[in-house]
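A short worksheet on the structure shown next.
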Amino acid sequence: MKFTARHQLTVALTGGILCGKSTALRAFASAGAYTLSCDELVREISARPAVQKKIAALFGTAEKGELARKVFASASARRKLENLLHPLAARELARRLNKDKSPVRVAEVPLLFEAGWQDAFDMTVCVCAPDKTLPARLKARGMKKTDFLKRCAAQLPPRAKAARADICLLNGASADALERKVQSLYRAFMKIYTVK
């Protein structure tokens, strides 16, 4: 599997839950990059009638809340769902990236390293947030700490993701500060990777 293309830089954006991946993705888009969210792709794919039917056959339900409870309570259930959805998401991601001709393309892939997709991209960027900012992030999202911890248990720890990434963006201040970092990174990408 390869998402790279000649004369284009294809970047995977990842990070832990509530670290600021979506904010960073929006900043890349406003800077001029072509952007995609794998979470959004998976939501679209999961809503397809044929996929809903397969999910219901595997788990006895396709209702989002009930399905989430099942997959976050069982590693084997989560792997079953990932085995169904990840190949479909990979194909759709490749199809959309192949259509785009932008010099810099950024795909938000929360489970990048867990799925083993990192080598399919030219570069990986991880958004990290200090632990001390967690209470404010939970409050802003309206997420219970127990739900947050269940979801975290299904992923690599943020520090492990940061250690594997090519670049780490620290999101320890405001959204504006993260956006400025992303804009600087995008400008660097354009200078390094585009032919003038």
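Going through the structure tokens in order, the chains are called A, B, and so on, while each chain numbers its residues from 1 and the ligands are numbered from 1 in the order shown.
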Can you build me a table of stretch 124-181 of chain A residues sitting at most 12 Å from stretch 94-109 of chain A, with the closest atom pair per residue and its distance in Å to one decimal, using only C-alpha atoms, sorted by chain and residue number, as CSV?
```
residue,atom,partner,partner_atom,distance
A:Thr124,CA,A:Val106,CA,9.5
A:Val125,CA,A:Glu108,CA,9.4
A:Cys126,CA,A:Glu108,CA,9.8
A:Val127,CA,A:Glu108,CA,10.5
A:Lys161,CA,A:Val109,CA,11.7
```
Who sits within 12 Å of A:Ser174, only C-alpha atoms, same chain under 2 positions skipped, as a list in words
Cys19, Gly20, Thr23, Ala24, Ala129, Thr133, Ala136, Arg137, Leu170, Asn171, Gly172, Asp176, Ala177, Leu178, Glu179, Arg180 and Lys181 of chain A
Closest atom pairs, residues of stretch 82-119 of chain A within 12 Å of stretch 52-70 of chain A, only C-alpha atoms, as a Markdown table:
```
| residue | atom | partner | partner_atom | distance |
| --- | --- | --- | --- | --- |
| A:Glu82 | CA | A:Ile55 | CA | 10.8 |
| A:Asn83 | CA | A:Ile55 | CA | 11.1 |
| A:Leu84 | CA | A:Ile55 | CA | 8.3 |
| A:Leu85 | CA | A:Ile55 | CA | 9.5 |
```
For N, CA and C atoms, I'd like the residues from the last selection saved as a compact mmCIF listing (two decimals), in the first residue's frame.
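File selection-v8.txt, as written:
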```txt
# COMPACT_ATOMS: atom_id res chain seq x y z
N GLU A 82 -11.98 -3.31 12.89
CA GLU A 82 -10.86 -2.73 12.14
C GLU A 82 -10.56 -3.55 10.89
N ASN A 83 -10.62 -4.89 11.00
CA ASN A 83 -10.37 -5.75 9.84
C ASN A 83 -11.39 -5.53 8.73
N LEU A 84 -12.59 -5.15 9.11
CA LEU A 84 -13.62 -4.83 8.12
C LEU A 84 -13.41 -3.44 7.52
N LEU A 85 -13.18 -2.45 8.39
CA LEU A 85 -13.19 -1.05 7.94
C LEU A 85 -11.85 -0.54 7.39
```
Find, counting only C-alpha atoms, the residue in A:Arg164, A:Leu18, A:Phe148, A:Tyr186 that gets nearest to A:Tyr34.
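Smallest separation from A:Tyr34 among the options: A:Tyr186.
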DSSP-assigned helix (DSSP H, G or I) among stretch 96-162 of chain A, expressed as an MDAnalysis selection string
chainID A and resid 96:99 112:115 118:120 131:141 145:153 158:162
Put those residues in a file: C-alpha atoms, as a PDB file, in the first residue's frame.
```pdb
ATOM      1  CA  ARG A  96      -9.158  10.505  -3.179  1.00  0.00           C
ATOM      2  CA  LEU A  97      -5.433  11.174  -2.934  1.00  0.00           C
ATOM      3  CA  ASN A  98      -4.899   9.924  -6.486  1.00  0.00           C
ATOM      4  CA  LYS A  99      -7.455  12.438  -7.779  1.00  0.00           C
ATOM      5  CA  LEU A 112      -1.533   5.294  11.784  1.00  0.00           C
ATOM      6  CA  PHE A 113       1.045   3.205  13.647  1.00  0.00           C
ATOM      7  CA  GLU A 114      -1.488   0.752  15.072  1.00  0.00           C
ATOM      8  CA  ALA A 115      -2.688  -0.058  11.524  1.00  0.00           C
ATOM      9  CA  GLN A 118       3.200   4.734   8.320  1.00  0.00           C
ATOM     10  CA  ASP A 119       5.384   3.471   5.452  1.00  0.00           C
ATOM     11  CA  ALA A 120       2.661   4.288   2.928  1.00  0.00           C
ATOM     12  CA  ASP A 131      -0.794  15.692  30.366  1.00  0.00           C
ATOM     13  CA  LYS A 132      -1.523  18.798  32.456  1.00  0.00           C
ATOM     14  CA  THR A 133      -3.838  20.096  29.695  1.00  0.00           C
ATOM     15  CA  LEU A 134      -6.054  16.971  29.797  1.00  0.00           C
ATOM     16  CA  PRO A 135      -8.748  18.255  32.221  1.00  0.00           C
ATOM     17  CA  ALA A 136      -9.404  21.322  30.058  1.00  0.00           C
ATOM     18  CA  ARG A 137      -9.457  19.215  26.877  1.00  0.00           C
ATOM     19  CA  LEU A 138     -11.931  16.743  28.414  1.00  0.00           C
ATOM     20  CA  LYS A 139     -14.181  19.592  29.537  1.00  0.00           C
ATOM     21  CA  ALA A 140     -14.072  21.274  26.115  1.00  0.00           C
ATOM     22  CA  ARG A 141     -15.023  18.006  24.383  1.00  0.00           C
ATOM     23  CA  LYS A 145     -12.568  10.558  31.836  1.00  0.00           C
ATOM     24  CA  THR A 146     -13.622   6.883  31.943  1.00  0.00           C
ATOM     25  CA  ASP A 147     -14.592   7.001  28.231  1.00  0.00           C
ATOM     26  CA  PHE A 148     -11.339   8.789  27.430  1.00  0.00           C
ATOM     27  CA  LEU A 149      -9.287   6.109  29.219  1.00  0.00           C
ATOM     28  CA  LYS A 150     -11.137   3.273  27.429  1.00  0.00           C
ATOM     29  CA  ARG A 151     -10.381   4.865  24.079  1.00  0.00           C
ATOM     30  CA  CYS A 152      -6.761   5.504  25.033  1.00  0.00           C
ATOM     31  CA  ALA A 153      -6.355   1.831  25.961  1.00  0.00           C
ATOM     32  CA  PRO A 158       0.895   9.398  22.765  1.00  0.00           C
ATOM     33  CA  ARG A 159       4.605   9.264  23.702  1.00  0.00           C
ATOM     34  CA  ALA A 160       5.047   6.083  21.642  1.00  0.00           C
ATOM     35  CA  LYS A 161       3.376   7.748  18.658  1.00  0.00           C
ATOM     36  CA  ALA A 162       5.600  10.812  19.046  1.00  0.00           C
TER      37      ALA A 162
END
```
Nearest to A:Ala5, chosen from A:Phe121, A:Val71, A:Glu40, A:Ala77, with only C-alpha atoms counted in the distances
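For A:Ala5, the nearest of the candidates is A:Phe121.
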Taken to one decimal, the atom CA of A:Asp122-atom CA of A:Val11 distance is 5.9 Å
So which bits of stretch 75-128 of chain A end up strand (DSSP E) when you DSSP the backbone, as a PyMOL selection string?
chain A and resi 104-108+123-128
With all heavy atoms retained, write the just-selected residues as a tab-separated table (two decimals), in the first residue's frame.
```tsv
chain	number	residue	atom	x	y	z
A	104	VAL	N	1.15	19.47	-1.54
A	104	VAL	CA	1.19	18.91	-0.19
A	104	VAL	C	-0.19	18.38	0.16
A	104	VAL	O	-1.18	19.11	0.10
A	104	VAL	CB	1.64	19.96	0.86
A	104	VAL	CG1	1.61	19.36	2.26
A	104	VAL	CG2	3.04	20.48	0.54
A	105	ARG	N	-0.25	17.10	0.51
A	105	ARG	CA	-1.51	16.46	0.90
A	105	ARG	C	-1.33	15.91	2.31
A	105	ARG	O	-0.31	15.28	2.61
A	105	ARG	CB	-1.85	15.29	-0.03
A	105	ARG	CG	-2.19	15.70	-1.45
A	105	ARG	CD	-1.24	15.19	-2.51
A	105	ARG	NE	-0.72	13.87	-2.37
A	105	ARG	CZ	-1.12	12.83	-3.10
A	105	ARG	NH1	-2.08	12.96	-4.00
A	105	ARG	NH2	-0.56	11.65	-2.96
A	106	VAL	N	-2.31	16.16	3.19
A	106	VAL	CA	-2.21	15.75	4.58
A	106	VAL	C	-3.44	14.93	4.94
A	106	VAL	O	-4.57	15.39	4.77
A	106	VAL	CB	-2.09	16.97	5.54
A	106	VAL	CG1	-1.98	16.50	6.99
A	106	VAL	CG2	-0.90	17.85	5.16
A	107	ALA	N	-3.20	13.72	5.43
A	107	ALA	CA	-4.29	12.84	5.87
A	107	ALA	C	-4.19	12.63	7.37
A	107	ALA	O	-3.14	12.22	7.87
A	107	ALA	CB	-4.23	11.51	5.14
A	108	GLU	N	-5.27	12.93	8.07
A	108	GLU	CA	-5.34	12.67	9.51
A	108	GLU	C	-5.66	11.19	9.70
A	108	GLU	O	-6.71	10.71	9.27
A	108	GLU	CB	-6.43	13.53	10.14
A	108	GLU	CG	-6.60	13.30	11.63
A	108	GLU	CD	-7.85	13.97	12.18
A	108	GLU	OE1	-8.68	14.46	11.39
A	108	GLU	OE2	-8.00	13.97	13.41
A	123	MET	N	5.90	11.16	4.92
A	123	MET	CA	6.30	11.72	6.21
A	123	MET	C	5.17	11.55	7.23
A	123	MET	O	4.00	11.52	6.84
A	123	MET	CB	6.61	13.21	6.03
A	123	MET	CG	7.13	13.90	7.27
A	123	MET	SD	7.66	15.58	6.88
A	123	MET	CE	9.11	15.23	5.89
A	124	THR	N	5.55	11.46	8.50
A	124	THR	CA	4.55	11.37	9.56
A	124	THR	C	4.74	12.51	10.56
A	124	THR	O	5.87	12.84	10.92
A	124	THR	CB	4.65	10.02	10.31
A	124	THR	OG1	5.96	9.87	10.86
A	124	THR	CG2	4.36	8.86	9.37
A	125	VAL	N	3.63	13.11	10.96
A	125	VAL	CA	3.62	14.21	11.92
A	125	VAL	C	2.69	13.83	13.06
A	125	VAL	O	1.55	13.43	12.82
A	125	VAL	CB	3.14	15.54	11.26
A	125	VAL	CG1	3.03	16.64	12.31
A	125	VAL	CG2	4.07	15.96	10.14
A	126	CYS	N	3.18	13.96	14.28
A	126	CYS	CA	2.38	13.62	15.46
A	126	CYS	C	2.09	14.88	16.27
A	126	CYS	O	3.01	15.66	16.55
A	126	CYS	CB	3.14	12.62	16.33
A	126	CYS	SG	2.22	12.09	17.79
A	127	VAL	N	0.82	15.10	16.61
A	127	VAL	CA	0.43	16.21	17.48
A	127	VAL	C	0.39	15.68	18.91
A	127	VAL	O	-0.26	14.66	19.18
A	127	VAL	CB	-0.95	16.79	17.10
A	127	VAL	CG1	-1.29	17.98	17.99
A	127	VAL	CG2	-0.98	17.20	15.63
A	128	CYS	N	1.11	16.33	19.81
A	128	CYS	CA	1.19	15.91	21.21
A	128	CYS	C	0.70	17.04	22.12
A	128	CYS	O	0.86	18.20	21.79
A	128	CYS	CB	2.64	15.60	21.60
A	128	CYS	SG	3.41	14.43	20.52
```
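Atom pair atom CA of A:Ala27 / atom CA of A:Ala154 has a distance of 26.9 Å (rounded to one decimal).
Closest to A:Ala12 among A:Ile167, A:Val42, A:Pro87, A:Ala188 is A:Ile167, based on only C-alpha atoms.
Atom to atom, atom CA of A:Ile17 and atom CA of A:Pro49 stand 28.5 Å apart.
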